[in-house]
Amino acid sequence: MPVQSLQNTDVIVPQHVPHPLLPFLQSQSQTTLTRLYQRPSSCLSIFRLLGPIERQLIMNLLWLESALSATTMSAWVLPEGKSAYDSALAVMTGLHIAQNSAVKLALNPTFKSSLRQAITGGGNTGSFGVPADKDGKRQSANIENLDAYALERWETILHYMVSSGQGQNPTKPSQGVLYLLQRSGLMNNAHGAALQITSSGFQFLLHSPHDQLWNLLLQYLHMAEERQMDLVEVLSFLFMLSTMDLGREYSTEPLSETQKAMLEDLRDYGLVWQRKTSSKRFSPTRLATTLTSSSPPLPSSHSTGGSHTADGAGAVALSSGAAQQGFIVLETNYRIYAYTGMLSLSTFGIRVYMSSAEDNPLQTAVLNLFITMKYRFPNLVVGMLTRESVRKALGNGISADQIISYLTTHAHPQMRKNNPLLPVTVQDQIRLWELERNRLKSAEGYLYKDFASQADYEYVLAYAKQLDVVLWENAAKRCFFGTLEGHANVRGFIERRTGAV
């Protein structure tokens, strides 16, 4: 059996960031997870999502026919790696992959059997999808067309997020997508107005396309029970898609009714392509086949004619690749230029350079959230950071730190030679504009006054402070202001005290 140290004292191991789906899976019951583990594709996909230590432990236990002594396993662990080992076991136990026992270690029999089948092959469960027979009449969609379709659907969602309610008329996604954006808190329609991006929505744009996609899919999973969908069928279909081959057509016949209903939603997100809604076959796009892998979920610039950046979903998402291929130059007079070709530096201003404002309206729309546009040329957009434009962004829930984070992550490589990367004067001014809005803070609540005596005031105030519902107090005038949520308790306390007297 291979033995590997879980931590090397001479090497600094980068911290593994848990996949956002794992906490959701850990919140499910053992019965639900056991049903999910009956599908080899689900077990393989979850194995991919785990950290390196969890995968190492699983592979060491996978081919054992009997349980392993916990003391034997812990003997392989260096003292400084004990906490990482315990954390890995806690994750496996929470997912019901490993049996919870302090004496022996063994994998869940269902998980073990399915993962073995996924690795060695065999079986006829159709867990990895059933390829459709070749259609001699029609040619199936090639990878280039699937990439273009996925990119168009995903950009439609992102472009609507940044353009709706901004005086523009972007292409509207389906009602299902709009409902999902509202439920996830990425957009809202305050006071019955058109949907607008929220602070969470702008933060959403700062994530990589992979994180963006899972953000929406997690909300979709939370909505599954409301829509009377079988959660195991929903999860297993997503995991099935992640193990399929890009460019191949699959049959819809083996799918359950829940999974067939999901096809319409996944078409709207750009995860699957169908020639028509009644088609008996479908093709997963790159967005779907990379759900549980580290590969980019969207095509690179080389595969799309150079109109988009490598990790960028139209270059909006700020992945690590986007940071290396940044296009923003920030200078001290707040001017903005956008261009991805030759970069011209000036003494003052913010310059943002893009391949083409017309070819990539999504980037322009994001910038338009917090800058004032001045000029637009075939390969150049010029704008300005102004007090009005920043206050408009702040009014839409976008914070000063988010604007600075966007500029920092999209900074051109030439700017990364600067220390600090962004001019301090511009950063300070953006934060000062935010402070102007935050001088006053409003809150709904109740004002308590006209107490009969100082003792009554102090007694009720002490009770309200215990509940942590006091927002303001004035001892001289014997009054205080409490939150809306705490009013019922405070009022009841006053009535009980008055009745007792």
# chains A, B, ... in the order shown; residues from 1 in each chain; ligands from 1

$ select_by_dssp --residues "stretch 396-465 of chain A" --states "alpha helix (DSSP H)" --output "PyMOL selection string"
chain A and resi 400-409+424-437+454-465

$ residues_around --residues "A:Met187" --least-positions-apart "2" --cutoff "10 Å" --atoms "only C-alpha atoms" --output "list in words"
Met161, Val162, Ser164, Leu178, Tyr179, Leu180, Leu181, Gln182, Arg183, Ser184, Gly185, Asn189, Ala190, Ala194, Leu195, Gln196, Ile197, Thr198, Ser199, Ser200, Gly201 and Phe202 of chain A

$ write_last_selection --atoms "N, CA and C atoms" --output "PDB file, in the first residue's frame"
ATOM      1  N   MET A 161     -27.299  41.529 -16.473  1.00  0.00           N
ATOM      2  CA  MET A 161     -27.058  41.923 -15.093  1.00  0.00           C
ATOM      3  C   MET A 161     -26.486  43.334 -15.001  1.00  0.00           C
ATOM      4  N   VAL A 162     -25.522  43.642 -15.857  1.00  0.00           N
ATOM      5  CA  VAL A 162     -24.837  44.934 -15.737  1.00  0.00           C
ATOM      6  C   VAL A 162     -25.543  46.048 -16.498  1.00  0.00           C
ATOM      7  N   SER A 164     -29.239  46.113 -17.231  1.00  0.00           N
ATOM      8  CA  SER A 164     -30.637  46.349 -16.902  1.00  0.00           C
ATOM      9  C   SER A 164     -30.762  47.476 -15.880  1.00  0.00           C
ATOM     10  N   LEU A 178     -34.118  34.901 -14.885  1.00  0.00           N
ATOM     11  CA  LEU A 178     -34.393  36.128 -14.126  1.00  0.00           C
ATOM     12  C   LEU A 178     -34.813  35.800 -12.696  1.00  0.00           C
ATOM     13  N   TYR A 179     -35.649  34.773 -12.543  1.00  0.00           N
ATOM     14  CA  TYR A 179     -36.078  34.376 -11.208  1.00  0.00           C
ATOM     15  C   TYR A 179     -34.890  33.890 -10.378  1.00  0.00           C
ATOM     16  N   LEU A 180     -33.983  33.154 -11.029  1.00  0.00           N
ATOM     17  CA  LEU A 180     -32.800  32.645 -10.334  1.00  0.00           C
ATOM     18  C   LEU A 180     -31.899  33.792  -9.895  1.00  0.00           C
ATOM     19  N   LEU A 181     -31.734  34.813 -10.745  1.00  0.00           N
ATOM     20  CA  LEU A 181     -30.892  35.961 -10.397  1.00  0.00           C
ATOM     21  C   LEU A 181     -31.478  36.717  -9.211  1.00  0.00           C
ATOM     22  N   GLN A 182     -32.815  36.808  -9.147  1.00  0.00           N
ATOM     23  CA  GLN A 182     -33.448  37.484  -8.025  1.00  0.00           C
ATOM     24  C   GLN A 182     -33.334  36.665  -6.745  1.00  0.00           C
ATOM     25  N   ARG A 183     -33.572  35.364  -6.849  1.00  0.00           N
ATOM     26  CA  ARG A 183     -33.515  34.511  -5.664  1.00  0.00           C
ATOM     27  C   ARG A 183     -32.111  34.441  -5.083  1.00  0.00           C
ATOM     28  N   SER A 184     -31.119  34.533  -5.932  1.00  0.00           N
ATOM     29  CA  SER A 184     -29.734  34.471  -5.461  1.00  0.00           C
ATOM     30  C   SER A 184     -29.235  35.810  -4.949  1.00  0.00           C
ATOM     31  N   GLY A 185     -30.060  36.868  -5.050  1.00  0.00           N
ATOM     32  CA  GLY A 185     -29.679  38.181  -4.540  1.00  0.00           C
ATOM     33  C   GLY A 185     -28.730  38.942  -5.438  1.00  0.00           C
ATOM     34  N   ASN A 189     -35.466  44.373  -7.764  1.00  0.00           N
ATOM     35  CA  ASN A 189     -36.299  45.415  -8.384  1.00  0.00           C
ATOM     36  C   ASN A 189     -36.936  46.261  -7.289  1.00  0.00           C
ATOM     37  N   ALA A 190     -36.107  47.056  -6.636  1.00  0.00           N
ATOM     38  CA  ALA A 190     -36.572  47.885  -5.532  1.00  0.00           C
ATOM     39  C   ALA A 190     -37.632  48.871  -6.020  1.00  0.00           C
ATOM     40  N   ALA A 194     -37.222  48.468 -12.731  1.00  0.00           N
ATOM     41  CA  ALA A 194     -36.597  47.386 -13.491  1.00  0.00           C
ATOM     42  C   ALA A 194     -35.518  46.715 -12.645  1.00  0.00           C
ATOM     43  N   LEU A 195     -35.253  45.445 -12.936  1.00  0.00           N
ATOM     44  CA  LEU A 195     -34.216  44.727 -12.207  1.00  0.00           C
ATOM     45  C   LEU A 195     -32.881  45.443 -12.334  1.00  0.00           C
ATOM     46  N   GLN A 196     -32.160  45.545 -11.211  1.00  0.00           N
ATOM     47  CA  GLN A 196     -30.847  46.172 -11.198  1.00  0.00           C
ATOM     48  C   GLN A 196     -29.873  45.283 -10.462  1.00  0.00           C
ATOM     49  N   ILE A 197     -28.604  45.403 -10.827  1.00  0.00           N
ATOM     50  CA  ILE A 197     -27.563  44.626 -10.169  1.00  0.00           C
ATOM     51  C   ILE A 197     -27.404  45.099  -8.727  1.00  0.00           C
ATOM     52  N   THR A 198     -27.126  44.179  -7.822  1.00  0.00           N
ATOM     53  CA  THR A 198     -26.919  44.492  -6.416  1.00  0.00           C
ATOM     54  C   THR A 198     -25.427  44.452  -6.090  1.00  0.00           C
ATOM     55  N   SER A 199     -25.107  44.767  -4.839  1.00  0.00           N
ATOM     56  CA  SER A 199     -23.718  44.672  -4.402  1.00  0.00           C
ATOM     57  C   SER A 199     -23.209  43.237  -4.539  1.00  0.00           C
ATOM     58  N   SER A 200     -24.066  42.271  -4.182  1.00  0.00           N
ATOM     59  CA  SER A 200     -23.683  40.864  -4.347  1.00  0.00           C
ATOM     60  C   SER A 200     -23.505  40.519  -5.817  1.00  0.00           C
ATOM     61  N   GLY A 201     -24.328  41.136  -6.680  1.00  0.00           N
ATOM     62  CA  GLY A 201     -24.197  40.894  -8.115  1.00  0.00           C
ATOM     63  C   GLY A 201     -22.887  41.409  -8.663  1.00  0.00           C
ATOM     64  N   PHE A 202     -22.452  42.588  -8.194  1.00  0.00           N
ATOM     65  CA  PHE A 202     -21.171  43.109  -8.667  1.00  0.00           C
ATOM     66  C   PHE A 202     -20.026  42.245  -8.147  1.00  0.00           C
TER      67      PHE A 202
END

$ closest_residue --among "A:Leu36, A:Leu89, A:Ala365, A:Met415" --to "A:Pro170" --atoms "only C-alpha atoms"
A:Ala365

$ atom_distance --atom1 "atom CA of A:Ala75" --atom2 "atom CA of A:Leu44"
27.9 Å

$ residues_around --residues "stretch 92-103 of chain A" --least-positions-apart "5" --cutoff "10 Å" --atoms "only C-alpha atoms" --output "PyMOL selection string"
chain A and resi 22-31+33-34+37+43+46-47+50+54-55+57-58+61+67-71+86-87+108-112

$ closest_residue --among "A:Thr292, A:Ser283, A:Gln219, A:Ser66" --to "A:Ser41" --atoms "only C-alpha atoms"
A:Thr292

$ residues_around --residues "A:Phe370" --least-positions-apart "6" --cutoff "6 Å" --atoms "only C-alpha atoms" --output "list of chain:residue names"
A:Ser389, A:Val390, A:Ala393

$ atom_distance --atom1 "atom CA of A:Leu440" --atom2 "atom CA of A:Asp401"
19.3 Å

$ residues_around --residues "A:Ala288" --least-positions-apart "2" --cutoff "12 Å" --atoms "only C-alpha atoms" --output "ChimeraX atom specification"
/A:146-147,150,209-210,213-214,217,237-247,263,266-267,269-273,283-286,290-293,295-298

$ atom_distance --atom1 "atom CA of A:Ile143" --atom2 "atom CA of A:Pro131"
16.0 Å

$ closest_residue --among "A:Val381, A:Ala261, A:Met373, A:Ile328" --to "A:Thr408" --atoms "only C-alpha atoms"
A:Ile328

$ residues_around --residues "stretch 420-433 of chain A" --least-positions-apart "4" --cutoff "12 Å" --atoms "only C-alpha atoms" --output "JSON, numbers by chain"
{"A": [328, 329, 330, 331, 332, 333, 334, 335, 347, 348, 349, 350, 351, 370, 371, 384, 385, 386, 387, 388, 389, 390, 391, 392, 393, 394, 395, 398, 399, 400, 401, 402, 403, 404, 405, 406, 407, 408, 409, 410, 411, 412, 413, 414, 415, 416, 437, 438, 439]}

$ decode --residues "stretch 218-235 of chain A" --atoms "N, CA and C atoms" --output "JSON list (two decimals), in the first residue's frame"
[["chain", "number", "residue", "atom", "x", "y", "z"],
["A", 218, "LEU", "N", -25.87, 26.39, -7.23],
["A", 218, "LEU", "CA", -26.19, 26.14, -5.82],
["A", 218, "LEU", "C", -27.57, 26.70, -5.47],
["A", 219, "GLN", "N", -27.86, 27.89, -6.00],
["A", 219, "GLN", "CA", -29.19, 28.45, -5.78],
["A", 219, "GLN", "C", -30.25, 27.59, -6.46],
["A", 220, "TYR", "N", -29.92, 27.06, -7.64],
["A", 220, "TYR", "CA", -30.82, 26.17, -8.36],
["A", 220, "TYR", "C", -31.10, 24.92, -7.52],
["A", 221, "LEU", "N", -30.07, 24.40, -6.85],
["A", 221, "LEU", "CA", -30.25, 23.22, -6.01],
["A", 221, "LEU", "C", -31.15, 23.54, -4.81],
["A", 222, "HIS", "N", -30.99, 24.73, -4.23],
["A", 222, "HIS", "CA", -31.83, 25.12, -3.10],
["A", 222, "HIS", "C", -33.30, 25.23, -3.53],
["A", 223, "MET", "N", -33.53, 25.59, -4.80],
["A", 223, "MET", "CA", -34.89, 25.74, -5.31],
["A", 223, "MET", "C", -35.52, 24.42, -5.74],
["A", 224, "ALA", "N", -34.71, 23.35, -5.80],
["A", 224, "ALA", "CA", -35.18, 22.08, -6.34],
["A", 224, "ALA", "C", -36.40, 21.55, -5.57],
["A", 225, "GLU", "N", -36.33, 21.59, -4.23],
["A", 225, "GLU", "CA", -37.44, 21.06, -3.44],
["A", 225, "GLU", "C", -38.70, 21.90, -3.62],
["A", 226, "GLU", "N", -38.55, 23.23, -3.76],
["A", 226, "GLU", "CA", -39.71, 24.09, -3.98],
["A", 226, "GLU", "C", -40.42, 23.72, -5.28],
["A", 227, "ARG", "N", -39.64, 23.30, -6.26],
["A", 227, "ARG", "CA", -40.21, 22.95, -7.56],
["A", 227, "ARG", "C", -40.59, 21.48, -7.63],
["A", 228, "GLN", "N", -40.56, 20.80, -6.45],
["A", 228, "GLN", "CA", -40.92, 19.38, -6.36],
["A", 228, "GLN", "C", -40.06, 18.52, -7.29],
["A", 229, "MET", "N", -38.77, 18.84, -7.29],
["A", 229, "MET", "CA", -37.80, 18.07, -8.06],
["A", 229, "MET", "C", -37.01, 17.18, -7.11],
["A", 230, "ASP", "N", -36.68, 16.00, -7.57],
["A", 230, "ASP", "CA", -35.88, 15.06, -6.77],
["A", 230, "ASP", "C", -34.44, 15.57, -6.74],
["A", 231, "LEU", "N", -33.95, 15.94, -5.55],
["A", 231, "LEU", "CA", -32.61, 16.52, -5.43],
["A", 231, "LEU", "C", -31.53, 15.56, -5.90],
["A", 232, "VAL", "N", -31.70, 14.27, -5.63],
["A", 232, "VAL", "CA", -30.70, 13.28, -6.06],
["A", 232, "VAL", "C", -30.65, 13.23, -7.59],
["A", 233, "GLU", "N", -31.80, 13.30, -8.25],
["A", 233, "GLU", "CA", -31.82, 13.28, -9.71],
["A", 233, "GLU", "C", -31.17, 14.55, -10.27],
["A", 234, "VAL", "N", -31.39, 15.68, -9.62],
["A", 234, "VAL", "CA", -30.80, 16.94, -10.08],
["A", 234, "VAL", "C", -29.28, 16.88, -9.95],
["A", 235, "LEU", "N", -28.80, 16.47, -8.78],
["A", 235, "LEU", "CA", -27.34, 16.39, -8.56],
["A", 235, "LEU", "C", -26.69, 15.37, -9.48]]
